[in-house]
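K.L.:
Next comes target-v6.txt, compact mmCIF, C-alpha atoms and all ligand atoms:
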```txt
# COMPACT_ATOMS: atom_id res chain seq x y z
CA MET A 10 136.51 99.43 88.65
CA SER A 11 136.27 98.03 85.15
CA VAL A 12 132.87 97.82 83.57
CA LEU A 13 133.63 95.77 80.47
CA ALA A 14 133.21 92.04 81.06
CA ALA A 15 136.51 91.45 79.21
CA LEU A 16 138.19 93.42 82.00
CA GLY A 17 136.36 91.81 84.88
CA GLY A 18 133.02 93.66 84.89
CA ALA A 19 129.57 92.03 84.86
CA PRO A 20 128.52 90.82 81.41
CA VAL A 21 125.33 92.08 79.76
CA ARG A 22 124.15 88.51 79.33
CA ASN A 23 124.85 85.19 81.06
CA ARG A 24 122.32 82.97 79.29
CA PRO A 25 123.01 81.23 75.98
CA PHE A 26 121.02 82.09 72.87
CA PRO A 27 118.70 79.45 71.36
CA ARG A 28 120.64 76.47 70.06
CA TRP A 29 120.58 75.60 66.38
CA PRO A 30 118.94 73.63 64.90
CA GLU A 31 115.73 73.70 66.93
CA ILE A 32 114.76 70.05 67.27
CA GLY A 33 111.72 68.26 68.66
CA PRO A 34 109.59 65.10 68.53
CA THR A 35 108.62 65.69 64.88
CA ASP A 36 112.28 65.43 63.87
CA GLU A 37 112.67 62.16 65.75
CA ALA A 38 109.50 60.82 64.14
CA ALA A 39 110.73 61.86 60.70
CA LEU A 40 114.01 59.98 61.12
CA LEU A 41 112.18 56.88 62.29
CA ARG A 42 109.82 57.16 59.33
CA ALA A 43 112.83 57.11 57.01
CA LEU A 44 114.46 54.28 58.96
CA HIS A 45 111.43 52.05 58.51
CA GLY A 46 110.84 53.13 54.90
CA ALA A 47 111.24 50.68 52.04
CA TYR A 48 114.30 52.52 50.65
CA TRP A 49 116.94 54.73 52.23
CA GLY A 50 117.84 56.40 48.94
CA LEU A 51 116.04 58.00 45.98
CA HIS A 52 113.24 55.74 44.75
CA GLY A 53 110.54 57.91 43.26
CA ARG A 54 107.81 58.40 45.84
CA GLY A 55 109.51 59.15 49.14
CA GLU A 56 110.65 61.94 51.44
CA ILE A 57 112.95 63.37 48.76
CA GLU A 58 110.18 63.98 46.22
CA ARG A 59 107.86 65.40 48.88
CA PHE A 60 110.55 67.81 50.03
CA GLU A 61 111.42 68.89 46.48
CA ALA A 62 107.80 69.75 45.75
CA ARG A 63 107.37 71.69 48.99
CA PHE A 64 110.65 73.56 48.66
CA ALA A 65 109.97 74.54 45.03
CA GLU A 66 106.58 75.95 46.05
CA TYR A 67 108.10 77.81 49.02
CA GLN A 68 110.76 79.47 46.87
CA GLN A 69 108.17 80.19 44.15
CA ALA A 70 110.09 78.12 41.62
CA ARG A 71 108.59 75.56 39.23
CA HIS A 72 111.24 72.92 39.94
CA ALA A 73 113.58 71.92 42.76
CA VAL A 74 116.13 69.11 42.83
CA ALA A 75 117.61 68.12 46.18
CA VAL A 76 121.36 67.47 46.05
CA ALA A 77 124.24 66.56 48.36
CA SER A 78 125.37 70.10 49.28
CA GLY A 79 125.30 73.75 48.29
CA THR A 80 128.74 73.30 46.73
CA VAL A 81 127.40 70.50 44.54
CA ALA A 82 124.31 72.58 43.71
CA LEU A 83 126.59 75.26 42.21
CA ARG A 84 128.64 72.67 40.35
CA ILE A 85 125.54 71.09 38.84
CA ALA A 86 123.97 74.45 37.97
CA LEU A 87 127.10 75.47 36.03
CA LEU A 88 127.20 72.12 34.20
CA ALA A 89 123.48 72.34 33.41
CA ALA A 90 123.96 75.88 32.08
CA GLY A 91 126.65 74.61 29.72
CA ILE A 92 129.52 76.62 31.20
CA ARG A 93 132.82 75.31 29.88
CA ALA A 94 136.52 75.98 29.26
CA GLY A 95 137.18 79.53 28.08
CA ASP A 96 134.01 80.97 29.62
CA GLU A 97 134.26 83.71 32.22
CA VAL A 98 131.87 83.80 35.16
CA LEU A 99 131.47 86.91 37.34
CA VAL A 100 131.50 86.21 41.09
CA PRO A 101 131.84 88.33 44.23
CA PRO A 102 134.96 87.81 46.37
CA TYR A 103 133.03 88.19 49.65
CA THR A 104 131.47 84.73 49.89
CA PHE A 105 132.22 81.12 50.74
CA LEU A 106 134.79 79.34 48.58
CA ALA A 107 132.23 77.29 46.62
CA THR A 108 130.78 80.28 44.72
CA ALA A 109 134.08 80.63 42.86
CA SER A 110 135.62 77.14 43.14
CA ALA A 111 132.57 75.65 41.38
CA VAL A 112 133.43 77.89 38.41
CA ALA A 113 137.02 76.60 38.37
CA GLU A 114 135.65 73.05 38.62
CA ALA A 115 133.61 73.75 35.49
CA ASN A 116 137.02 74.44 33.88
CA ALA A 117 135.90 78.05 33.40
CA THR A 118 137.42 81.29 34.72
CA PRO A 119 136.13 82.96 37.88
CA VAL A 120 136.28 86.76 37.49
CA PHE A 121 136.03 88.61 40.78
CA VAL A 122 133.83 91.68 40.96
CA ASP A 123 133.80 94.00 43.98
CA ILE A 124 130.90 94.28 46.40
CA ASP A 125 128.93 97.32 47.48
CA PRO A 126 130.41 98.65 50.75
CA ASP A 127 126.99 99.11 52.37
CA THR A 128 125.03 96.03 51.26
CA PHE A 129 128.06 93.64 51.04
CA ASN A 130 126.40 92.33 47.83
CA LEU A 131 127.81 92.16 44.29
CA CYS A 132 127.99 95.70 42.84
CA PRO A 133 126.02 95.83 39.55
CA ARG A 134 128.16 98.69 38.20
CA ALA A 135 131.38 96.77 38.85
CA ALA A 136 129.78 93.69 37.24
CA ALA A 137 128.91 95.70 34.11
CA ALA A 138 132.51 96.96 33.91
CA ALA A 139 133.87 93.39 34.14
CA VAL A 140 131.91 91.95 31.19
CA THR A 141 134.10 90.84 28.24
CA PRO A 142 133.22 88.95 25.04
CA ARG A 143 134.01 85.74 26.99
CA THR A 144 131.60 86.40 29.89
CA ARG A 145 128.89 83.73 29.96
CA ALA A 146 127.40 83.83 33.45
CA LEU A 147 127.23 85.65 36.75
CA ILE A 148 126.65 84.33 40.25
CA PRO A 149 125.19 86.93 42.61
CA VAL A 150 125.26 85.79 46.24
CA HIS A 151 122.38 86.98 48.45
CA ILE A 152 124.88 87.63 51.17
CA GLY A 153 123.73 86.95 54.71
CA GLY A 154 120.22 86.63 53.26
CA LEU A 155 119.89 90.11 51.72
CA PRO A 156 118.73 89.76 48.10
CA ALA A 157 121.26 91.10 45.59
CA GLU A 158 120.27 93.97 43.25
CA MET A 159 118.54 91.57 40.89
CA ASP A 160 116.78 94.05 38.55
CA GLU A 161 120.08 95.61 37.56
CA LEU A 162 121.90 92.29 37.37
CA LEU A 163 119.15 90.66 35.30
CA ALA A 164 119.12 93.65 32.93
CA LEU A 165 122.90 93.32 32.55
CA ALA A 166 122.48 89.60 31.87
CA ARG A 167 119.83 90.25 29.23
CA ARG A 168 122.08 92.80 27.48
CA HIS A 169 124.98 90.34 27.25
CA ASN A 170 123.07 87.06 27.08
CA LEU A 171 124.46 85.79 30.40
CA VAL A 172 123.19 82.95 32.56
CA VAL A 173 122.29 84.09 36.08
CA ILE A 174 122.87 81.55 38.85
CA GLU A 175 121.76 82.84 42.25
CA ASP A 176 123.82 81.63 45.18
CA ALA A 177 120.99 81.57 47.70
CA ALA A 178 122.83 79.48 50.32
CA HIS A 179 122.01 82.19 52.90
CA ALA A 180 118.60 83.17 51.63
CA HIS A 181 115.86 80.58 52.28
CA GLY A 182 112.56 82.44 52.27
CA ALA A 183 114.17 85.78 51.33
CA GLU A 184 112.12 88.00 49.01
CA TYR A 185 113.15 90.54 46.40
CA ARG A 186 110.40 93.04 45.50
CA GLY A 187 107.78 90.58 46.71
CA ARG A 188 109.20 87.47 45.04
CA ARG A 189 111.19 84.70 46.70
CA VAL A 190 114.79 84.36 45.57
CA GLY A 191 116.17 81.34 43.68
CA ALA A 192 114.25 81.45 40.41
CA LEU A 193 114.65 85.20 39.76
CA GLY A 194 117.52 84.25 37.46
CA HIS A 195 117.93 81.04 35.48
CA LEU A 196 119.00 78.77 38.34
CA GLY A 197 119.27 79.14 42.12
CA CYS A 198 121.39 77.17 44.57
CA PHE A 199 120.62 76.54 48.24
CA SER A 200 122.57 74.89 51.06
CA PHE A 201 121.22 72.79 53.94
CA GLN A 202 124.59 72.49 55.71
CA SER A 203 124.51 72.51 59.53
CA SER A 204 124.61 76.27 60.08
CA LYS A 205 122.01 77.15 57.43
CA ASN A 206 118.48 78.40 58.11
CA LEU A 207 117.09 75.07 56.88
CA THR A 208 119.36 72.13 57.59
CA SER A 209 119.74 68.38 57.42
CA GLY A 210 123.41 68.45 58.46
CA GLU A 211 124.46 68.48 54.82
CA GLY A 212 122.44 68.96 51.66
CA GLY A 213 121.45 71.45 49.00
CA ALA A 214 118.99 72.17 46.23
CA VAL A 215 118.90 73.65 42.76
CA VAL A 216 115.72 75.50 41.77
CA THR A 217 114.63 76.83 38.39
CA ASP A 218 111.53 77.82 36.43
CA ASP A 219 112.95 76.36 33.21
CA PRO A 220 111.84 72.76 32.54
CA ALA A 221 114.80 72.03 30.23
CA LEU A 222 117.31 73.23 32.83
CA ALA A 223 115.44 71.27 35.52
CA ALA A 224 115.70 68.10 33.45
CA ARG A 225 119.44 68.65 32.98
CA VAL A 226 119.98 69.28 36.69
CA ARG A 227 117.99 66.17 37.58
CA SER A 228 119.97 64.04 35.16
CA ILE A 229 123.38 65.40 36.25
CA HIS A 230 122.60 64.79 39.93
CA ASN A 231 121.69 61.19 39.16
CA CYS A 232 124.55 59.77 37.08
CA GLY A 233 123.24 61.12 33.78
CA ARG A 234 120.04 59.06 33.93
CA VAL A 235 116.95 60.23 32.03
CA PRO A 236 113.26 59.75 32.96
CA ASP A 237 112.43 56.93 30.54
CA GLY A 238 115.90 55.47 30.37
CA ALA A 239 117.13 52.21 31.87
CA TRP A 240 118.98 52.19 35.23
CA TYR A 241 122.33 51.53 33.50
CA GLU A 242 121.82 54.12 30.76
CA HIS A 243 123.83 57.34 31.19
CA HIS A 244 123.60 60.38 28.97
CA THR A 245 125.75 63.21 30.33
CA ILE A 246 128.89 63.88 32.30
CA SER A 247 127.46 63.77 35.78
CA GLY A 248 127.79 62.10 39.17
CA ASN A 249 125.93 60.69 42.13
CA TYR A 250 124.98 63.94 43.86
CA ARG A 251 121.79 62.62 45.50
CA ILE A 252 120.67 62.98 49.11
CA THR A 253 119.29 60.20 51.31
CA GLU A 254 115.78 59.67 52.63
CA PHE A 255 117.11 60.45 56.12
CA GLN A 256 118.24 63.91 55.05
CA ALA A 257 114.98 64.54 53.21
CA ALA A 258 112.90 63.34 56.18
CA LEU A 259 114.71 65.84 58.41
CA LEU A 260 114.30 68.55 55.80
CA ASN A 261 110.57 67.83 55.76
CA SER A 262 110.23 68.08 59.53
CA GLN A 263 112.50 71.13 59.77
CA PHE A 264 110.67 72.73 56.83
CA ASP A 265 107.49 72.84 58.93
CA LYS A 266 109.29 75.33 61.22
CA LEU A 267 111.04 77.41 58.56
CA GLU A 268 108.41 80.08 57.92
CA GLU A 269 107.80 80.81 61.61
CA GLN A 270 111.57 80.95 62.25
CA THR A 271 112.07 83.23 59.26
CA ARG A 272 109.45 85.64 60.60
CA ARG A 273 110.89 85.48 64.12
CA ARG A 274 114.39 86.27 62.84
CA GLU A 275 113.15 89.14 60.70
CA ARG A 276 111.16 90.66 63.59
CA ASN A 277 114.26 90.55 65.81
CA ALA A 278 116.65 91.63 63.06
CA LEU A 279 114.58 94.74 62.33
CA ARG A 280 114.48 95.57 66.03
CA LEU A 281 118.27 95.17 66.25
CA TYR A 282 118.83 97.11 63.02
CA GLU A 283 116.96 100.12 64.43
CA ARG A 284 118.99 100.09 67.67
CA LEU A 285 122.42 99.46 66.12
CA ARG A 286 121.93 102.22 63.55
CA GLN A 287 122.06 104.62 66.48
CA VAL A 288 125.42 103.34 67.77
CA PRO A 289 128.25 105.54 66.43
CA GLY A 290 130.82 103.44 64.59
CA ILE A 291 128.37 100.58 63.82
CA ARG A 292 126.51 100.38 60.48
CA PRO A 293 124.25 97.39 59.95
CA GLN A 294 124.11 95.98 56.40
CA ALA A 295 122.06 98.52 54.40
CA ARG A 296 118.50 97.49 53.61
CA PRO A 297 116.77 98.66 50.44
CA THR A 298 113.66 100.83 50.62
CA TYR A 299 111.77 98.65 48.09
CA PRO A 300 109.75 95.68 49.41
CA HIS A 301 112.00 92.84 50.49
CA ARG A 302 112.38 90.18 53.14
CA HIS A 303 115.83 89.44 54.48
CA GLY A 304 116.73 85.77 54.94
CA ASN A 305 118.74 86.71 58.07
CA HIS A 306 121.26 83.92 57.88
CA LEU A 307 123.83 86.46 59.08
CA PHE A 308 123.41 89.87 60.63
CA LEU A 309 126.23 91.77 58.91
CA PHE A 310 127.55 95.10 60.09
CA ARG A 311 130.34 97.54 59.42
CA TYR A 312 132.65 98.42 62.28
CA ASP A 313 134.61 101.67 62.50
CA ALA A 314 137.81 100.96 64.44
CA ALA A 315 138.68 104.67 64.64
CA GLU A 316 135.40 105.46 66.45
CA PHE A 317 136.00 102.72 69.03
CA GLY A 318 139.78 103.15 69.18
CA ALA A 319 140.28 99.40 68.93
CA PRO A 320 140.66 96.91 66.09
CA ARG A 321 137.71 94.70 65.15
CA GLU A 322 139.16 91.59 66.82
CA VAL A 323 139.38 93.40 70.19
CA PHE A 324 135.81 94.65 69.81
CA LEU A 325 134.54 91.14 69.01
CA ARG A 326 136.46 89.67 71.95
CA ALA A 327 134.87 92.22 74.26
CA LEU A 328 131.43 91.56 72.72
CA GLU A 329 131.84 87.84 73.30
CA ALA A 330 132.78 88.52 76.93
CA GLU A 331 129.46 90.40 77.23
CA GLY A 332 127.70 87.18 76.19
CA ILE A 333 127.21 87.97 72.49
CA PRO A 334 128.98 85.57 70.10
CA ALA A 335 130.05 87.15 66.80
CA SER A 336 132.41 86.51 63.89
CA PRO A 337 134.85 88.69 61.93
CA GLY A 338 133.37 87.04 58.82
CA TYR A 339 135.31 85.95 55.75
CA PRO A 340 138.98 86.60 56.56
CA LEU A 341 140.12 87.18 52.96
CA PRO A 342 138.66 88.15 49.60
CA LEU A 343 138.44 84.79 47.84
CA TYR A 344 141.10 85.77 45.30
CA ARG A 345 143.61 85.98 48.18
CA GLN A 346 142.90 82.37 49.25
CA PRO A 347 145.84 80.07 48.41
CA LEU A 348 143.73 78.24 45.79
CA PHE A 349 143.46 81.40 43.69
CA ALA A 350 146.67 83.16 44.75
CA ASN A 351 148.66 80.06 43.70
CA GLY A 352 146.38 79.37 40.74
CA ASP A 353 146.31 75.69 41.57
CA PHE A 354 143.18 74.48 39.75
CA GLY A 355 144.56 70.95 39.32
CA PRO A 356 143.15 69.31 36.19
CA TYR A 357 140.73 72.22 35.65
CA SER A 358 143.45 74.48 34.31
CA ALA A 359 141.83 75.85 31.15
CA ALA A 360 141.65 79.34 32.68
CA PHE A 361 145.46 79.48 32.92
CA ASP A 362 146.20 77.43 29.78
CA ARG A 363 144.18 79.82 27.63
CA HIS A 364 145.30 82.99 29.41
CA PRO A 365 148.88 82.49 30.62
CA ASP A 366 148.90 86.05 31.95
CA LEU A 367 145.89 85.41 34.26
CA SER A 368 146.96 86.23 37.81
CA TYR A 369 144.68 86.52 40.80
CA ALA A 370 147.50 88.33 42.61
CA ALA A 371 146.69 91.31 40.40
CA VAL A 372 143.00 91.44 41.42
CA HIS A 373 142.04 94.32 43.67
CA CYS A 374 138.51 94.78 45.07
CA PRO A 375 138.93 97.62 47.59
CA ASN A 376 135.51 97.36 49.25
CA CYS A 377 135.89 93.66 49.91
CA GLU A 378 139.46 94.09 51.13
CA GLU A 379 138.39 96.78 53.58
CA ILE A 380 135.55 94.64 54.96
CA CYS A 381 137.68 91.48 55.29
CA GLY A 382 140.56 93.49 56.71
CA GLY A 383 138.69 94.91 59.69
CA ALA A 384 135.59 96.88 58.66
CA GLY A 385 133.08 94.02 58.57
CA ALA A 386 131.69 91.44 60.99
CA TRP A 387 128.56 89.39 61.55
CA LEU A 388 126.28 87.85 64.14
CA TYR A 389 124.98 84.32 63.63
CA GLN A 390 121.35 83.59 62.81
CA ASN A 391 120.62 81.73 66.07
CA VAL A 392 121.03 84.92 68.14
CA LEU A 393 117.99 86.24 66.23
CA LEU A 394 115.84 83.28 67.27
CA GLY A 395 115.16 84.48 70.80
CA THR A 396 112.62 86.89 72.23
CA PRO A 397 112.64 90.66 71.62
CA GLU A 398 114.27 90.96 75.07
CA ASP A 399 117.07 88.60 74.01
CA THR A 400 117.60 90.84 71.01
CA ASP A 401 117.74 93.91 73.25
CA ASP A 402 120.66 92.25 75.12
CA ILE A 403 122.62 92.31 71.85
CA ALA A 404 121.89 96.00 71.35
CA ARG A 405 122.78 96.77 74.98
CA ALA A 406 126.16 95.05 74.59
CA PHE A 407 127.02 97.15 71.51
CA GLU A 408 125.87 100.32 73.31
CA LYS A 409 127.90 99.38 76.36
CA LEU A 410 131.07 98.84 74.32
CA HIS A 411 130.60 102.23 72.73
CA ALA A 412 129.94 103.98 76.03
CA HIS A 413 133.06 102.35 77.51
CA ARG A 414 135.30 102.65 74.49
CA ARG A 415 138.07 104.08 76.65
CA GLU A 416 138.27 100.69 78.37
CA LEU A 417 138.18 99.04 74.96
CA ARG A 418 141.28 101.05 74.05
CA GLU A 419 142.89 99.83 77.24
CA LEU A 420 141.99 96.28 76.25
CA ALA A 421 143.49 96.83 72.80
CA ALA A 422 146.76 97.85 74.39
CA ARG A 423 147.03 94.63 76.45
CA PRO A 424 148.19 91.25 75.29
CA PRO A 425 145.12 88.88 75.10
CA SER A 426 146.47 86.56 77.83
CA ARG A 427 146.21 89.30 80.48
CA GLU A 428 142.48 89.93 79.98
CA ALA A 429 141.26 87.09 82.17
CA ALA A 430 143.46 88.23 85.05
CA ALA A 431 142.22 91.82 84.82
C1 LIG A 501 127.41 81.62 50.07
C2 LIG A 501 127.61 80.15 50.09
N1 LIG A 501 127.57 79.46 48.95
C3 LIG A 501 127.71 78.12 48.90
C4 LIG A 501 127.92 77.40 50.05
C5 LIG A 501 128.15 75.92 49.95
O1 LIG A 501 127.22 75.17 50.66
P1 LIG A 501 127.62 73.76 51.32
O2 LIG A 501 128.38 74.04 52.58
O3 LIG A 501 126.29 73.13 51.57
O4 LIG A 501 128.42 73.01 50.33
C6 LIG A 501 127.94 78.05 51.28
C7 LIG A 501 128.13 77.28 52.53
O5 LIG A 501 128.68 77.66 53.50
C8 LIG A 501 127.80 79.47 51.32
O6 LIG A 501 127.84 80.14 52.46
```
Could you quickly redo this structure as C-alpha cells?
P.N.:
Amino acid sequence: MSVLAALGGAPVRNRPFPRWPEIGPTDEAALLRALHGAYWGLHGRGEIERFEARFAEYQQARHAVAVASGTVALRIALLAAGIRAGDEVLVPPYTFLATASAVAEANATPVFVDIDPDTFNLCPRAAAAAVTPRTRALIPVHIGGLPAEMDELLALARRHNLVVIEDAAHAHGAEYRGRRVGALGHLGCFSFQSSKNLTSGEGGAVVTDDPALAARVRSIHNCGRVPDGAWYEHHTISGNYRITEFQAALLNSQFDKLEEQTRRRERNALRLYERLRQVPGIRPQARPTYPHRHGNHLFLFRYDAAEFGAPREVFLRALEAEGIPASPGYPLPLYRQPLFANGDFGPYSAAFDRHPDLSYAAVHCPNCEEICGGAGAWLYQNVLLGTPEDTDDIARAFEKLHAHRRELRELAARPPSREAAA
C-alpha cells in the first residue's frame, strides 16, 4: 500500500493553515473610520500621516513616506537618489521584477550580480567585482526577510560612493545586528501588497534617515509639490504615487498586529529550521551567527533532487498532497525574463543606446540559475502563523517524503494525470 498522499496514502495534515491576512473587528472599524472621515485622500492630519510616523519608528528610520506600491517605492527612491541615464545599478537576479525594472524605468542600467547559494542574498564579493566607473547604486534585497550582508555592502558603497537602496519588501520588522532594516543604507523600500507581512491590499513605503532625501521622496510621490508651495506648483519630475485613507486605515489596524505576528513567525520558523536541517537533501536558507531577526516573509530552502531521486516539482506536488502548500519560487533569474532577454525597455532605452553591445543574454549567475532551475523552493509566511504543532506538521511532511523517497521516485516516473487514480 502506498504511504505518500500523492499516491493514495493518508496525508500528514487535513486542516488549512491560518488564512492571510488575519482580520478582525479592528480592521472593520478602521475602514469605517476612513469612510466617515472628512477626506479619502492625503490631507495632512489623517490615517496616512499617523501610519507614516508609526512605521518610521518601527523600522527605526527618521522618515517614512507611504506610497502606492513597493514597485513605486523603488521607482521614487531611484529618482530621489538622482539615478539617471548612463548610471549602472547593481541588483540581484533572484527577486521580483520591480527590483530591476525600476532601474530600467530610471533610464539607468541594471547590472545583475549573483547571489550567495546558501543565503539566497546578494553576494558582496560578486557585487565588488561588478563595480565599474559608471556604478552609482546598489539594491540589496533582504530576500524572504533575511537581512543582506549589509556591513560588507555598505563598506563597498562607501569605497565607491554608491547609493544603497534596500529592497525590504519581504523584511518588515527584520533586524540586522540589532537594527531594523530599511534605513541601514540611504533609502529603504517596503511593499504592502496582499501577500506581504503587513498589507493593505496594495501599498508601499520609502524610509530614510536623511531629511533631504525624505523631502525629495515626499515631493516626487505628490506631483512635485513642496511643503510651502501652492497646490498647483510643481517642482520635479514626479507623479501621483499617493495612497488613500482607506489603505492607511487598514495599515494602522494591521500594524497593531505586526509585532506579535513577527514574533510568532520567528518562533515557528526557528523550530522548523532546526527540524529541516536534519532532513537529508533539505537545507533551509542559512542564518548568520551574528544577532539578527528574520522577517520570515518566505521560508526558503535548498532541495537536492539527487538525494530524493525526484525533481523539485514532483517533491512539491507530493508535499502539497500531504497538506503543505509550497512554491518553486522565482522561475527564472530576472535577466532571463523576456523584458531583459529581449532588451525591450521602451522609451527608457539609454542603457542600450549608450552601450550597443549590452546583452542580458550574455549574463550568467550560476548560483541563481541553479536555484531557479530546481535547487530552491519556499514556503509561504502564513504557514508560520500557526501553533508549534502546526509547524511540526510541516516538518513531519518533509521527513515523510524523505523516508518514502522510493515512492517519490515512482511518482516522478508517472505522468501527473495518473496520480489521483493511484
Ligand atoms: C522583493 C520585492 N521587491 C519589490 C516588490 C514590489 O512590491 P509591489 O508588489 O508592492 O509593487 C515585491 C513584490 O512582490 C518584491 O517581492
K.L.:
Compute the set of protein, DNA and RNA residues whose minimum atom distance to ligand LIG 501 (chain A) is at most 7 Å, using all atoms listed in the file, and state it as an MDAnalysis selection string.
P.N.:
chainID A and resid 78:81 104:105 107:108 150 152 176:179 200:202 211:213
K.L.:
For CA of Phe26 (chain A) and CA of Leu307 (chain A), quote the distance in Å rounded to one decimal.
P.N.:
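Atom-to-atom, CA of Phe26 (chain A) to CA of Leu307 (chain A), that is 14.7 Å.
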K.L.:
Give me the residues near Tyr389 (chain A) as a PyMOL selection string, where near means some atom within 7 Å (using all atoms listed in the file) and where sequence neighbours in that chain fewer than 6 positions away do not count.
P.N.:
chain A and resi 306-308+335
K.L.:
Rounded to one decimal, what separation in Å do you get between CA of Glu161 (chain A) and CA of Asn116 (chain A)?
P.N.:
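CA of Glu161 (chain A) sits 27.4 Å away from CA of Asn116 (chain A).
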K.L.:
Skipping near chain neighbours, those fewer than 2 positions away, what residues fall within 9 Å of region 390-393 of chain A using only C-alpha atoms, listed as a list in words?
P.N.:
Pro25, Phe26, Pro27, Arg28, Trp29, Pro30, Ser204, Lys205, Asn206, Arg273, Arg274, Glu275, Arg276, Asn277, Ala278, Leu281, Asn305, His306, Leu307, Phe308, Ile333, Pro334, Leu388, Gly395, Thr396, Pro397, Asp399, Thr400 and Ile403 of chain A
K.L.:
Between CA of Ile148 (chain A) and CA of Gly210 (chain A), what distance in Å does the model show, to one decimal?
P.N.:
24.4 Å
K.L.:
Give me the residues of region 206-266 of chain A that have any atom at most 9 Å from an atom of region 46-52 of chain A; for each, the nearest atom pair and the distance in Å, rounded to one decimal. Use only C-alpha atoms, sort by chain and number, and format it as CSV.
P.N.:
```
residue,atom,partner,partner_atom,distance
A:Arg251,CA,A:Leu51,CA,7.4
A:Ile252,CA,A:Gly50,CA,7.2
A:Thr253,CA,A:Gly50,CA,4.7
A:Glu254,CA,A:Trp49,CA,5.1
A:Phe255,CA,A:Trp49,CA,6.9
```
K.L.:
Given the choices A:Arg345, A:Arg311, A:His181, A:Arg42, which gets closest to Gly290 (chain A) if the distance is worked out from all atoms listed in the file?
P.N.:
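Closest to Gly290 (chain A), using all atoms listed in the file: A:Arg311.
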K.L.:
Given only C-alpha atoms, how would the per-residue table for region 95-116 of chain A near region 375-385 of chain A read, listing every residue at most 9 Å away with its closest atom pair and distance in Å to one decimal, sorted by chain and number, as CSV?
P.N.:
```
residue,atom,partner,partner_atom,distance
A:Pro101,CA,A:Cys377,CA,8.8
A:Pro102,CA,A:Cys377,CA,6.9
A:Tyr103,CA,A:Cys377,CA,6.2
```
K.L.:
Given all atoms listed in the file as the basis, pick out the residue of A:His364, A:Arg84, A:Arg59, A:Arg93 nearest to Ala109 (chain A).
P.N.:
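Checking each of A:His364, A:Arg84, A:Arg59, A:Arg93 against Ala109 (chain A), counting all atoms listed in the file, the winner is A:Arg84.
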K.L.:
Pull the closest atom pair for each residue of region 281-314 of chain A that gets at most 12 Å from region 190-196 of chain A, along with the distance in Å to one decimal, counting all atoms listed in the file, ordering rows by chain and then ascending residue number, as a tab-separated table.
P.N.:
```
residue	atom	partner	partner_atom	distance
A:His301	CA	A:Val190	CA	10.2
A:Arg302	CA	A:Val190	CA	9.8
A:His303	CA	A:Val190	CA	10.3
A:Gly304	CA	A:Val190	CA	9.7
```
K.L.:
Could you give me, as a compact mmCIF listing (two decimals) with C-alpha atoms, in the coordinates of the input, the residues within 7 Å of Leu259 (chain A), counting all atoms listed in the file and dropping anything in the same chain fewer than 3 positions from it?
P.N.:
```txt
# COMPACT_ATOMS: atom_id res chain seq x y z
CA ASP A 36 112.28 65.43 63.87
CA ALA A 39 110.73 61.86 60.70
CA LEU A 40 114.01 59.98 61.12
CA SER A 209 119.74 68.38 57.42
CA PHE A 255 117.11 60.45 56.12
CA GLN A 256 118.24 63.91 55.05
CA SER A 262 110.23 68.08 59.53
CA GLN A 263 112.50 71.13 59.77
```
K.L.:
Of the residues A:Glu37, A:Asp96, A:Glu114, A:Asp218, which is the one nearest to Arg71 (chain A), using only C-alpha atoms?
P.N.:
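Checking each of A:Glu37, A:Asp96, A:Glu114, A:Asp218 against Arg71 (chain A), counting only C-alpha atoms, the winner is A:Asp218.
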K.L.:
Go through A:His72, A:Arg189, A:Arg363, A:Arg145 one by one, measure the shortest atom-to-atom distance of each to Thr217 (chain A) using all atoms listed in the file, and give the residue with the smallest value.
P.N.:
A:His72
K.L.:
For Arg292 (chain A), please output as a list in words all residues within 7 Å (counting only C-alpha atoms; exclusion window: fewer than 6 positions along the same chain).
P.N.:
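So the residues in contact are Arg286, Phe310, Arg311 and Tyr312 of chain A.
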